[in-house]
Number of protein chains: 2
Amino acid sequence: MGKNAIVGQSGGPTSVINASLAGVIQASLRRDATHVYGMLHGIQGLLDKQYCDLTDRFSSALAIELLKRTPSSFLGSCRYKLPDPEEDPEVFEKLFAILREMDIGWFFYIGGNDSMDTICKLATYGAKTGSDIRFMGVPKTIDNDLMLTDHTPGYGSAAKYIGVTMKEIIRDATVYGTNFVTIVEIMGRNAGWLTAAAALARGEDCEGVDLICLPELPFHTDRFLAKVEKMQKERASVVIAVSEGVKLPDGRFVCELSDDHRTRDAFGHINLNGTARYLSNLVARNLPTRTRPEELSNLQRSGGHLASRTDITEAYQVGGAAAKAAFEGETGKMVALHRVSNDPYQCTTRLVDIRDVANFEKKIPVEWINEARTDMLPEFLAYARPLIQAELTPIYIDGLTQHIVEG
Amino acid sequence: MGKNAIVGQSGGPTSVINASLAGVIQASLRRDATHVYGMLHGIQGLLDKQYCDLTDRFSSALAIELLKRTPSSFLGSCRYKLPDPEEDPEVFEKLFAILREMDIGWFFYIGGNDSMDTICKLATYGAKTGSDIRFMGVPKTIDNDLMLTDHTPGYGSAAKYIGVTMKEIIRDATVYGTNFVTIVEIMGRNAGWLTAAAALARGEDCEGVDLICLPELPFHTDRFLAKVEKMQKERASVVIAVSEGVKLPDGRFVCELSDDHRTRDAFGHINLNGTARYLSNLVARNLPTRTRPEELSNLQRSGGHLASRTDITEAYQVGGAAAKAAFEGETGKMVALHRVSNDPYQCTTRLVDIRDVANFEKKIPVEWINEARTDMLPEFLAYARPLIQAELTPIYIDGLTQHIVEG
């Protein structure tokens, strides 16, 4: 009897996180895994022995195809931070006991920064205690802020969603021909990759957004108003893409200027929202124009109907590459995407040490922003454009996109 | 030399309003129109002699196909209300002088209630003054609130957008497995057709939304909280679809309870928004749960990437039927959709008197709402499901949906 594999999903969902799950399951079953188990709600669920057997469920090609086309985390997710194994070994003892009981040989965790921290701690503890379980990280985040990987699965689909919907929002905003400022709030706490994707909208059929505000640069309210005033002298409809994470020079988030109640998540991060609404009110009070805030909201991460085929394919590939590496004996690693060339676009996978990834954030190079601090330079477009290419047509049944049925 | 046709678009944009424009242009050019002109920004633009010649621009089949796939009003729009011709004939004298100067024989206006009021006044004034210009209304509104037509072009695509994205939002909201109430705000000032479309999400792969709040029924805050509390005892993730237009028993909009600044549009309507945010805060203050407001925002009307093929086809047909009728001498009429059967779905067009349409609103029959006032009954689903069927694949270029280029 061979050992079993287990896979979990963690952090915010994406449109393609299940394609990585599909990659892990298929590659594990084609190798030595007797069963492939799925943690329900990540490591937190596993601590309560919440898991399911995926082996039979995903033995059919149709199930795998539907899984690839189903957005959001099929296995559920969590935002649970493992303690330091030196300070609090009890959680680890409990987890490893569960893994032994399940006869786990290979452990996969699909997630972002915090999830790679989980893999890092598990691999470190496993090595120290002589466990032979192989721990592999599979990158996933719409935020594109992981180190040592050219980009992260999930980003391309979110960027495509932002590009397509910004074109529609720009069309919608121009119809009346009167003064109108639309401020679109886009996700991204510290890194502006998603907001920058608004720059993709410009093309021969679209003027593009007029101003892009990234969290990489301090936000000056007075300069912002001056820019908007100047732009509106040139055109009636001004469309602005602003990151939810833009910060004042003193380090406070712009959204903290609003009087909304702020809550924090399990990692102590302030929940950001209301940036567009705050700026929209600010513009309306100071300039002779109508304004409208728009939040792209959670559809930018779970809008699977607009997924990028390139992204789905790569998400599937990193899942498969993680399984291959683990079955070949690797542990404490993350699969990274390595870009060979932009044009024609070519990308392969490679392994990186999880300790070099966990808890670091990759931001947009400031030299990819124009001098006026209003727009992205061609270097960014050359980087991002390949990631949004092509579509995987959803399976429509009775007029709606079909997803995989749970259980 | 034959006379010329002119066509305008008015009111809020939709995903398929340009398919009706395509229908008017093609049918007019195939009949006697020498030129087909487009009003820029509707009747308001025409008063300033803002128009363009569409004749050559849309002589190619590719241009027509791209126009059909381009959301939002290609000719621009306005929210201009014509005065009563008895009280203020000057505007009408000016308009008819411009139409004579342009040698117009056929006048088409694509829009909702307010636009049909415009056609009604123009036809009345024209008849009174012996004008031989034919005035035809082409129905368009995502709100589906026009009388005497089974449904309005624009509604099917908006309903499809709502159905698809609600499925994605529901998937996204369940991933953490913890108490979570998502409140999704959907357009519709007085009629709940769009909000009711959230009921389409339920299927074998989706539990559907848990509560639907329509503007047709008075909104009781205490009963709402009691329902949410009861539902959350049964499941951790509760998803609620609420109309922006829900009203308290005293007639005030629920969103007026928030302290946001309210503005009014050109017709004196209060701008509604913030209903989901207000209710989300209300739930968070009263129940032990995290909450999240989502506004589907303008993508529900301009999200052309998710248009219904049935809707696009019908929008194109009503445009063509309007041209046919006008060229056959009809005036003061609107083209209505007449449903022959639900299953198989069949629908034809017919003419109705514009006076019976203008300024009336069609609401959801209360007998299509369940007794508990939480959900739609099968009668509604049988009505709405055919309207979201099939897709017209967008033309993707370089990863993004392609629209027609202006000018």
# chains A, B, ... in the order shown; residues from 1 in each chain; ligands from 1

call {"tool": "interface_residues", "arguments": {"of": "chain B", "to": "chain A", "cutoff": "6 Å", "atoms": "only C-alpha atoms", "output": "compact mmCIF listing (two decimals) with N, CA and C atoms, in the first residue's frame"}}
result
# COMPACT_ATOMS: atom_id res chain seq x y z
N SER B 72 -23.58 49.63 -23.78
CA SER B 72 -23.73 51.06 -23.50
C SER B 72 -24.10 51.80 -24.78
N GLY B 76 -24.48 57.87 -27.36
CA GLY B 76 -24.61 58.71 -26.17
C GLY B 76 -26.06 58.79 -25.75
N SER B 77 -26.30 59.39 -24.60
CA SER B 77 -27.64 59.39 -24.06
C SER B 77 -27.94 60.74 -23.41
N CYS B 78 -29.15 60.88 -22.92
CA CYS B 78 -29.51 62.08 -22.16
C CYS B 78 -30.62 61.72 -21.19
N VAL B 164 -25.49 34.83 -13.17
CA VAL B 164 -24.11 34.30 -13.21
C VAL B 164 -23.29 34.84 -12.04
N ASP B 172 -18.10 32.40 -3.46
CA ASP B 172 -17.05 33.17 -2.77
C ASP B 172 -17.37 33.30 -1.29
N VAL B 175 -16.55 30.19 1.45
CA VAL B 175 -15.26 29.50 1.58
C VAL B 175 -14.77 29.39 3.01
N TYR B 176 -15.06 30.36 3.86
CA TYR B 176 -14.49 30.30 5.21
C TYR B 176 -15.32 29.45 6.17
N ASP B 205 -26.19 22.99 -8.90
CA ASP B 205 -24.82 23.29 -8.46
C ASP B 205 -24.77 24.52 -7.55
N ILE B 388 -32.73 34.54 -20.53
CA ILE B 388 -31.27 34.55 -20.30
C ILE B 388 -30.57 33.46 -21.11
N GLN B 389 -31.31 32.79 -21.98
CA GLN B 389 -30.73 31.64 -22.69
C GLN B 389 -29.73 32.05 -23.76
N ALA B 390 -28.68 31.26 -23.83
CA ALA B 390 -27.68 31.30 -24.91
C ALA B 390 -26.79 32.54 -24.83
N GLY B 399 -6.90 39.43 -25.58
CA GLY B 399 -7.33 39.12 -24.22
C GLY B 399 -8.54 39.88 -23.73
N LEU B 400 -8.98 40.91 -24.47
CA LEU B 400 -10.11 41.71 -24.01
C LEU B 400 -11.23 41.72 -25.05
N VAL B 405 -15.37 50.96 -32.61
CA VAL B 405 -14.65 52.22 -32.42
C VAL B 405 -15.54 53.36 -32.86

call {"tool": "residues_around", "arguments": {"residues": "range 95-103 of chain A", "least_positions_apart": "4", "cutoff": "7 Å", "atoms": "only C-alpha atoms", "output": "mmCIF file with C-alpha atoms, in the first residue's frame"}}
result
data_model
loop_
_atom_site.group_PDB
_atom_site.id
_atom_site.type_symbol
_atom_site.label_atom_id
_atom_site.label_comp_id
_atom_site.auth_asym_id
_atom_site.auth_seq_id
_atom_site.Cartn_x
_atom_site.Cartn_y
_atom_site.Cartn_z
ATOM 1 C CA LYS A 3 0.844 6.452 1.206
ATOM 2 C CA ASN A 4 -1.773 9.156 0.723
ATOM 3 C CA LEU A 47 -6.928 20.391 13.051
ATOM 4 C CA VAL A 91 -0.438 22.518 17.478
#

call {"tool": "select_by_dssp", "arguments": {"residues": "range 219-318 of chain A", "states": "alpha helix (DSSP H)", "output": "PDB file with C-alpha atoms, in the first residue's frame"}}
result
ATOM      1  CA  THR A 221      -5.158  64.513  -1.580  1.00  0.00           C
ATOM      2  CA  ASP A 222      -4.424  67.993  -2.916  1.00  0.00           C
ATOM      3  CA  ARG A 223      -2.401  66.708  -5.878  1.00  0.00           C
ATOM      4  CA  PHE A 224      -5.134  64.177  -6.622  1.00  0.00           C
ATOM      5  CA  LEU A 225      -7.779  66.909  -6.770  1.00  0.00           C
ATOM      6  CA  ALA A 226      -5.527  69.082  -8.947  1.00  0.00           C
ATOM      7  CA  LYS A 227      -5.000  66.196 -11.391  1.00  0.00           C
ATOM      8  CA  VAL A 228      -8.721  65.475 -11.609  1.00  0.00           C
ATOM      9  CA  GLU A 229      -9.536  69.144 -12.181  1.00  0.00           C
ATOM     10  CA  LYS A 230      -6.979  69.364 -14.980  1.00  0.00           C
ATOM     11  CA  MET A 231      -8.170  66.156 -16.644  1.00  0.00           C
ATOM     12  CA  GLN A 232     -11.781  67.204 -16.599  1.00  0.00           C
ATOM     13  CA  LYS A 233     -10.942  70.355 -18.527  1.00  0.00           C
ATOM     14  CA  GLU A 234      -9.840  68.052 -21.345  1.00  0.00           C
ATOM     15  CA  THR A 275     -11.726  54.416  -0.565  1.00  0.00           C
ATOM     16  CA  ALA A 276     -13.651  55.101  -3.779  1.00  0.00           C
ATOM     17  CA  ARG A 277     -16.650  56.382  -1.857  1.00  0.00           C
ATOM     18  CA  TYR A 278     -14.496  58.712   0.209  1.00  0.00           C
ATOM     19  CA  LEU A 279     -12.659  60.082  -2.843  1.00  0.00           C
ATOM     20  CA  SER A 280     -15.882  60.353  -4.801  1.00  0.00           C
ATOM     21  CA  ASN A 281     -17.412  62.534  -2.080  1.00  0.00           C
ATOM     22  CA  LEU A 282     -14.199  64.551  -1.877  1.00  0.00           C
ATOM     23  CA  VAL A 283     -14.275  65.303  -5.615  1.00  0.00           C
ATOM     24  CA  ALA A 284     -17.994  66.139  -5.532  1.00  0.00           C
ATOM     25  CA  ARG A 285     -17.418  68.651  -2.735  1.00  0.00           C
ATOM     26  CA  ASN A 286     -14.512  70.343  -4.485  1.00  0.00           C
ATOM     27  CA  LEU A 299     -16.078  39.428  -8.535  1.00  0.00           C
ATOM     28  CA  GLN A 300     -12.546  40.505  -9.431  1.00  0.00           C
ATOM     29  CA  ARG A 301     -11.279  37.421  -7.631  1.00  0.00           C
ATOM     30  CA  SER A 302     -14.167  34.994  -8.184  1.00  0.00           C
ATOM     31  CA  ARG A 309      -7.097  30.556 -20.260  1.00  0.00           C
ATOM     32  CA  THR A 310      -3.378  31.246 -19.845  1.00  0.00           C
ATOM     33  CA  ASP A 311      -3.994  31.630 -16.119  1.00  0.00           C
ATOM     34  CA  ILE A 312      -6.077  28.461 -15.834  1.00  0.00           C
ATOM     35  CA  THR A 313      -3.437  26.480 -17.705  1.00  0.00           C
ATOM     36  CA  GLU A 314      -0.620  27.791 -15.530  1.00  0.00           C
ATOM     37  CA  ALA A 315      -2.602  27.220 -12.326  1.00  0.00           C
ATOM     38  CA  TYR A 316      -3.111  23.614 -13.411  1.00  0.00           C
ATOM     39  CA  GLN A 317       0.580  23.298 -14.284  1.00  0.00           C
ATOM     40  CA  VAL A 318       1.907  24.556 -10.932  1.00  0.00           C
TER      41      VAL A 318
END

call {"tool": "residues_around", "arguments": {"residues": "Cys213 in chain A", "least_positions_apart": "2", "cutoff": "8 Å", "atoms": "only C-alpha atoms", "output": "PyMOL selection string"}}
result
chain A and resi 195+211+215+217+219+240-243+246+373-374

call {"tool": "write_last_selection", "arguments": {"atoms": "C-alpha atoms", "output": "mmCIF file, in the first residue's frame"}}
result
data_model
loop_
_atom_site.group_PDB
_atom_site.id
_atom_site.type_symbol
_atom_site.label_atom_id
_atom_site.label_comp_id
_atom_site.auth_asym_id
_atom_site.auth_seq_id
_atom_site.Cartn_x
_atom_site.Cartn_y
_atom_site.Cartn_z
ATOM 1 C CA THR A 195 -4.983 48.374 -9.938
ATOM 2 C CA LEU A 211 -5.556 58.094 -13.674
ATOM 3 C CA PRO A 215 -0.345 51.878 -3.044
ATOM 4 C CA LEU A 217 3.268 55.730 -4.016
ATOM 5 C CA PHE A 219 -1.314 59.586 -1.958
ATOM 6 C CA ILE A 240 -9.920 56.699 -12.147
ATOM 7 C CA ALA A 241 -8.623 53.351 -10.902
ATOM 8 C CA VAL A 242 -7.620 53.486 -7.266
ATOM 9 C CA SER A 243 -6.204 50.772 -5.059
ATOM 10 C CA VAL A 246 -3.593 53.799 -1.142
ATOM 11 C CA ARG A 373 2.423 59.300 -11.667
ATOM 12 C CA THR A 374 -0.819 58.843 -13.585
#

call {"tool": "closest_residue", "arguments": {"among": "A:Ala33, A:Leu272, A:Ile43, A:Ala22", "to": "Gly8 in chain A", "atoms": "only C-alpha atoms"}}
result
A:Ile43

call {"tool": "residues_around", "arguments": {"residues": "Ala325 in chain B", "least_positions_apart": "2", "cutoff": "10 Å", "atoms": "only C-alpha atoms", "output": "compact mmCIF listing (two decimals) with C-alpha atoms, in the first residue's frame"}}
result
# COMPACT_ATOMS: atom_id res chain seq x y z
CA ARG B 134 -43.34 58.94 -38.45
CA PHE B 135 -42.39 58.64 -34.74
CA MET B 136 -41.63 55.18 -33.34
CA GLY B 320 -36.07 46.22 -37.27
CA ALA B 321 -39.80 45.95 -36.53
CA ALA B 322 -39.90 49.65 -35.61
CA ALA B 323 -38.33 50.58 -38.93
CA PHE B 327 -41.82 52.86 -43.30
CA GLU B 328 -45.29 51.36 -43.66
CA GLY B 329 -46.73 54.58 -42.25
CA GLU B 330 -47.25 53.86 -38.55
CA THR B 331 -46.60 56.63 -36.02
CA LYS B 333 -46.43 53.53 -31.59
CA MET B 334 -43.99 51.38 -29.66
CA VAL B 335 -42.87 47.93 -30.73
CA ARG B 350 -46.48 43.82 -32.25
CA LEU B 351 -47.34 47.51 -32.14

call {"tool": "residues_around", "arguments": {"residues": "Ile64 in chain A", "least_positions_apart": "6", "cutoff": "10 Å", "atoms": "only C-alpha atoms", "output": "PyMOL selection string"}}
result
chain A and resi 18-19+21-23+25-26+57-58+70+404

call {"tool": "atom_distance", "arguments": {"atom1": "CA of Phe107 in chain B", "atom2": "CA of Thr34 in chain B"}}
result
13.6 Å

call {"tool": "residues_around", "arguments": {"residues": "range 144-153 of chain A", "least_positions_apart": "4", "cutoff": "9 Å", "atoms": "only C-alpha atoms", "output": "PyMOL selection string"}}
result
chain A and resi 14+16-17+20+112-113+139-140+157+190-194+311-312+314-316+318+335-339+347+349-350+352+356-364+387

call {"tool": "write_last_selection", "arguments": {"atoms": "N, CA and C atoms", "output": "CSV table (one decimal), in the first residue's frame"}}
result
chain,number,residue,atom,x,y,z
A,14,THR,N,-9.7,32.5,-5.6
A,14,THR,CA,-9.4,33.1,-7.0
A,14,THR,C,-10.3,32.4,-8.0
A,16,VAL,N,-9.1,30.7,-10.4
A,16,VAL,CA,-8.4,29.5,-10.9
A,16,VAL,C,-7.8,28.6,-9.8
A,17,ILE,N,-8.1,28.9,-8.6
A,17,ILE,CA,-7.4,28.1,-7.5
A,17,ILE,C,-7.8,26.7,-7.6
A,20,SER,N,-5.5,24.6,-9.9
A,20,SER,CA,-4.3,24.1,-9.2
A,20,SER,C,-4.7,22.9,-8.4
A,112,GLY,N,-1.4,32.0,-0.7
A,112,GLY,CA,-0.5,33.2,-0.9
A,112,GLY,C,0.6,33.2,0.2
A,113,ASN,N,0.9,34.4,0.6
A,113,ASN,CA,2.0,34.7,1.5
A,113,ASN,C,1.8,33.9,2.8
A,139,PRO,N,1.6,28.3,-5.4
A,139,PRO,CA,1.2,29.7,-5.3
A,139,PRO,C,-0.1,30.0,-5.8
A,140,LYS,N,-0.8,30.9,-5.2
A,140,LYS,CA,-2.1,31.4,-5.6
A,140,LYS,C,-2.3,32.7,-4.9
A,157,SER,N,-6.3,36.1,-14.4
A,157,SER,CA,-7.8,36.2,-14.5
A,157,SER,C,-8.3,37.4,-13.9
A,190,ASN,N,-1.1,46.2,-0.4
A,190,ASN,CA,0.2,46.9,-0.4
A,190,ASN,C,0.8,46.9,-1.8
A,191,ALA,N,0.3,46.0,-2.6
A,191,ALA,CA,0.9,46.0,-4.0
A,191,ALA,C,-0.2,46.4,-5.0
A,192,GLY,N,0.3,47.1,-6.0
A,192,GLY,CA,-0.7,47.7,-6.9
A,192,GLY,C,-0.9,46.9,-8.2
A,193,TRP,N,-0.5,45.6,-8.2
A,193,TRP,CA,-0.6,44.9,-9.5
A,193,TRP,C,-2.0,44.9,-10.1
A,194,LEU,N,-3.0,44.7,-9.2
A,194,LEU,CA,-4.4,44.6,-9.7
A,194,LEU,C,-4.8,46.0,-10.3
A,311,ASP,N,-4.0,31.7,-17.6
A,311,ASP,CA,-4.0,31.6,-16.1
A,311,ASP,C,-4.5,30.3,-15.6
A,312,ILE,N,-5.6,29.8,-16.2
A,312,ILE,CA,-6.1,28.5,-15.8
A,312,ILE,C,-5.0,27.4,-16.1
A,314,GLU,N,-1.8,27.7,-16.4
A,314,GLU,CA,-0.6,27.8,-15.5
A,314,GLU,C,-1.0,27.3,-14.1
A,315,ALA,N,-2.2,27.7,-13.7
A,315,ALA,CA,-2.6,27.2,-12.3
A,315,ALA,C,-2.6,25.7,-12.3
A,316,TYR,N,-3.1,25.1,-13.3
A,316,TYR,CA,-3.1,23.6,-13.4
A,316,TYR,C,-1.7,23.1,-13.4
A,318,VAL,N,1.2,24.5,-12.2
A,318,VAL,CA,1.9,24.6,-10.9
A,318,VAL,C,1.4,23.5,-10.0
A,335,VAL,N,6.4,25.9,-5.9
A,335,VAL,CA,6.6,26.0,-7.4
A,335,VAL,C,6.5,27.4,-7.8
A,336,ALA,N,7.4,27.9,-8.6
A,336,ALA,CA,7.4,29.3,-9.1
A,336,ALA,C,7.2,29.2,-10.6
A,337,LEU,N,6.7,30.3,-11.1
A,337,LEU,CA,6.6,30.5,-12.6
A,337,LEU,C,7.8,31.2,-13.1
A,338,HIS,N,8.5,30.7,-14.1
A,338,HIS,CA,9.7,31.4,-14.6
A,338,HIS,C,9.4,31.8,-16.1
A,339,ARG,N,9.4,33.1,-16.3
A,339,ARG,CA,9.1,33.5,-17.7
A,339,ARG,C,10.4,33.4,-18.6
A,347,CYS,N,6.6,30.3,-20.6
A,347,CYS,CA,6.7,30.3,-19.2
A,347,CYS,C,6.9,28.8,-18.7
A,349,THR,N,8.0,26.2,-15.1
A,349,THR,CA,8.0,26.2,-13.6
A,349,THR,C,9.4,25.8,-13.1
A,350,ARG,N,9.6,26.2,-11.9
A,350,ARG,CA,10.9,25.8,-11.2
A,350,ARG,C,10.6,25.8,-9.7
A,352,VAL,N,11.5,26.9,-5.7
A,352,VAL,CA,12.2,27.8,-4.9
A,352,VAL,C,12.0,27.5,-3.5
A,356,ASP,N,12.4,31.6,1.3
A,356,ASP,CA,12.7,32.9,0.6
A,356,ASP,C,11.4,33.5,0.1
A,357,VAL,N,10.3,32.8,0.2
A,357,VAL,CA,9.0,33.3,-0.3
A,357,VAL,C,8.1,33.8,0.8
A,358,ALA,N,8.0,33.0,1.9
A,358,ALA,CA,7.1,33.3,3.0
A,358,ALA,C,7.3,34.7,3.6
A,359,ASN,N,6.3,35.4,3.8
A,359,ASN,CA,6.3,36.7,4.5
A,359,ASN,C,7.0,37.8,3.8
A,360,PHE,N,7.3,37.7,2.5
A,360,PHE,CA,7.8,38.8,1.7
A,360,PHE,C,6.7,39.2,0.8
A,361,GLU,N,6.8,40.5,0.4
A,361,GLU,CA,5.8,41.0,-0.6
A,361,GLU,C,6.5,41.6,-1.8
A,362,LYS,N,6.0,41.3,-3.0
A,362,LYS,CA,6.6,41.8,-4.2
A,362,LYS,C,5.7,43.0,-4.7
A,363,LYS,N,6.3,44.1,-4.8
A,363,LYS,CA,5.6,45.3,-5.3
A,363,LYS,C,5.9,45.6,-6.7
A,364,ILE,N,5.1,46.6,-7.2
A,364,ILE,CA,5.3,47.0,-8.6
A,364,ILE,C,6.6,47.8,-8.7
A,387,LEU,N,-0.6,37.5,-19.8
A,387,LEU,CA,-1.2,36.8,-18.7
A,387,LEU,C,-2.8,36.7,-18.8

call {"tool": "closest_residue", "arguments": {"among": "A:Pro365, A:Gly319, A:Gly126, A:Gly105", "to": "Pro85 in chain A", "atoms": "only C-alpha atoms"}}
result
A:Gly126

call {"tool": "select_by_dssp", "arguments": {"residues": "range 33-275 of chain B", "states": "strand (DSSP E)", "output": "NGL selection string"}}
result
:B and (36-39 or 51-53 or 104-111 or 134-139 or 180-186 or 211-213 or 237-243)

call {"tool": "write_last_selection", "arguments": {"atoms": "N, CA and C atoms", "output": "tab-separated table (two decimals), in the first residue's frame"}}
result
chain	number	residue	atom	x	y	z
B	36	VAL	N	-29.24	57.52	-42.81
B	36	VAL	CA	-29.69	57.30	-41.44
B	36	VAL	C	-28.77	58.11	-40.54
B	37	TYR	N	-29.37	59.06	-39.84
B	37	TYR	CA	-28.60	59.89	-38.92
B	37	TYR	C	-28.75	59.39	-37.49
B	38	GLY	N	-27.74	59.66	-36.68
B	38	GLY	CA	-27.82	59.35	-35.26
B	38	GLY	C	-27.78	60.62	-34.44
B	39	MET	N	-28.77	60.79	-33.55
B	39	MET	CA	-28.70	61.93	-32.60
B	39	MET	C	-27.58	61.62	-31.61
B	51	TYR	N	-25.52	65.65	-34.35
B	51	TYR	CA	-25.87	64.36	-34.92
B	51	TYR	C	-24.74	63.89	-35.82
B	52	CYS	N	-24.82	62.62	-36.22
B	52	CYS	CA	-23.81	62.09	-37.13
B	52	CYS	C	-24.50	61.27	-38.20
B	53	ASP	N	-23.80	61.02	-39.29
B	53	ASP	CA	-24.36	60.21	-40.37
B	53	ASP	C	-23.87	58.77	-40.20
B	104	ILE	N	-36.10	64.77	-42.54
B	104	ILE	CA	-36.37	63.52	-41.82
B	104	ILE	C	-37.80	63.04	-42.12
B	105	GLY	N	-37.89	61.77	-42.45
B	105	GLY	CA	-39.21	61.16	-42.65
B	105	GLY	C	-39.58	60.18	-41.55
B	106	TRP	N	-38.53	59.63	-40.88
B	106	TRP	CA	-38.76	58.58	-39.89
B	106	TRP	C	-37.89	58.85	-38.67
B	107	PHE	N	-38.48	58.80	-37.50
B	107	PHE	CA	-37.80	59.20	-36.25
B	107	PHE	C	-37.93	58.04	-35.26
B	108	PHE	N	-36.80	57.54	-34.78
B	108	PHE	CA	-36.80	56.40	-33.86
B	108	PHE	C	-36.12	56.80	-32.55
B	109	TYR	N	-36.70	56.38	-31.44
B	109	TYR	CA	-36.12	56.70	-30.15
B	109	TYR	C	-36.09	55.42	-29.31
B	110	ILE	N	-34.89	55.03	-28.91
B	110	ILE	CA	-34.70	53.79	-28.16
B	110	ILE	C	-34.57	54.14	-26.68
B	111	GLY	N	-35.51	53.69	-25.86
B	111	GLY	CA	-35.41	54.06	-24.45
B	111	GLY	C	-36.50	53.44	-23.61
B	134	ARG	N	-42.86	60.11	-39.21
B	134	ARG	CA	-43.34	58.94	-38.45
B	134	ARG	C	-42.49	58.80	-37.19
B	135	PHE	N	-43.11	58.75	-36.02
B	135	PHE	CA	-42.39	58.64	-34.74
B	135	PHE	C	-42.61	57.26	-34.12
B	136	MET	N	-41.51	56.54	-33.89
B	136	MET	CA	-41.63	55.18	-33.34
B	136	MET	C	-40.76	55.02	-32.11
B	137	GLY	N	-41.31	54.37	-31.10
B	137	GLY	CA	-40.56	54.06	-29.89
B	137	GLY	C	-40.02	52.64	-29.94
B	138	VAL	N	-38.77	52.49	-29.54
B	138	VAL	CA	-38.14	51.17	-29.46
B	138	VAL	C	-37.82	50.91	-27.99
B	139	PRO	N	-38.42	49.87	-27.40
B	139	PRO	CA	-38.30	49.71	-25.94
B	139	PRO	C	-36.89	49.26	-25.55
B	180	PHE	N	-21.43	34.55	8.09
B	180	PHE	CA	-21.16	35.58	7.10
B	180	PHE	C	-22.46	35.93	6.40
B	181	VAL	N	-22.79	37.20	6.37
B	181	VAL	CA	-23.98	37.66	5.69
B	181	VAL	C	-23.57	38.61	4.57
B	182	THR	N	-23.86	38.23	3.33
B	182	THR	CA	-23.54	39.06	2.17
B	182	THR	C	-24.84	39.70	1.68
B	183	ILE	N	-24.82	41.01	1.53
B	183	ILE	CA	-26.02	41.70	1.06
B	183	ILE	C	-25.70	42.37	-0.26
B	184	VAL	N	-26.36	41.92	-1.31
B	184	VAL	CA	-26.06	42.38	-2.66
B	184	VAL	C	-27.15	43.36	-3.11
B	185	GLU	N	-26.73	44.57	-3.44
B	185	GLU	CA	-27.68	45.60	-3.87
B	185	GLU	C	-27.83	45.57	-5.38
B	186	ILE	N	-29.07	45.52	-5.82
B	186	ILE	CA	-29.37	45.37	-7.24
B	186	ILE	C	-30.25	46.53	-7.68
B	211	LEU	N	-32.55	35.11	0.56
B	211	LEU	CA	-33.62	36.08	0.80
B	211	LEU	C	-33.60	37.11	-0.33
B	212	ILE	N	-34.78	37.43	-0.81
B	212	ILE	CA	-34.92	38.42	-1.88
B	212	ILE	C	-35.85	39.51	-1.39
B	213	CYS	N	-35.38	40.76	-1.42
B	213	CYS	CA	-36.20	41.88	-0.94
B	213	CYS	C	-36.55	42.79	-2.10
B	237	SER	N	-23.29	30.81	5.82
B	237	SER	CA	-23.25	31.89	4.83
B	237	SER	C	-24.65	32.19	4.33
B	238	VAL	N	-25.08	33.40	4.56
B	238	VAL	CA	-26.40	33.85	4.11
B	238	VAL	C	-26.19	34.92	3.04
B	239	VAL	N	-26.81	34.74	1.88
B	239	VAL	CA	-26.67	35.72	0.81
B	239	VAL	C	-28.04	36.32	0.49
B	240	ILE	N	-28.11	37.64	0.51
B	240	ILE	CA	-29.37	38.35	0.37
B	240	ILE	C	-29.31	39.26	-0.85
B	241	ALA	N	-30.35	39.22	-1.68
B	241	ALA	CA	-30.46	40.15	-2.80
B	241	ALA	C	-31.48	41.21	-2.43
B	242	VAL	N	-31.05	42.46	-2.47
B	242	VAL	CA	-31.96	43.53	-2.06
B	242	VAL	C	-32.01	44.61	-3.14
B	243	SER	N	-33.20	45.05	-3.45
B	243	SER	CA	-33.35	46.12	-4.43
B	243	SER	C	-32.91	47.44	-3.84

call {"tool": "atom_distance", "arguments": {"atom1": "CA of Ala159 in chain A", "atom2": "CA of Ile395 in chain A"}}
result
21.5 Å

call {"tool": "atom_distance", "arguments": {"atom1": "CA of Leu66 in chain A", "atom2": "CA of Ala197 in chain B"}}
result
24.2 Å

call {"tool": "residues_around", "arguments": {"residues": "Thr124 in chain A", "least_positions_apart": "4", "cutoff": "12 Å", "atoms": "only C-alpha atoms", "output": "PyMOL selection string"}}
result
chain A and resi 84-86+89+92+117-120+128-135+331-333+353-355

call {"tool": "decode", "arguments": {"residues": "range 122-133 of chain A", "atoms": "C-alpha atoms", "output": "PDB file, in the first residue's frame"}}
result
ATOM      1  CA  LEU A 122       5.412  22.610   8.734  1.00  0.00           C
ATOM      2  CA  ALA A 123       8.502  21.715   6.678  1.00  0.00           C
ATOM      3  CA  THR A 124      10.812  23.114   9.365  1.00  0.00           C
ATOM      4  CA  TYR A 125       9.018  21.230  12.116  1.00  0.00           C
ATOM      5  CA  GLY A 126       8.888  18.069   9.971  1.00  0.00           C
ATOM      6  CA  ALA A 127      12.620  18.207   9.281  1.00  0.00           C
ATOM      7  CA  LYS A 128      13.384  18.750  12.959  1.00  0.00           C
ATOM      8  CA  THR A 129      11.259  15.813  14.063  1.00  0.00           C
ATOM      9  CA  GLY A 130      12.414  13.449  11.341  1.00  0.00           C
ATOM     10  CA  SER A 131       9.076  13.245   9.518  1.00  0.00           C
ATOM     11  CA  ASP A 132       9.223  11.931   5.960  1.00  0.00           C
ATOM     12  CA  ILE A 133       6.170  13.881   4.816  1.00  0.00           C
TER      13      ILE A 133
END
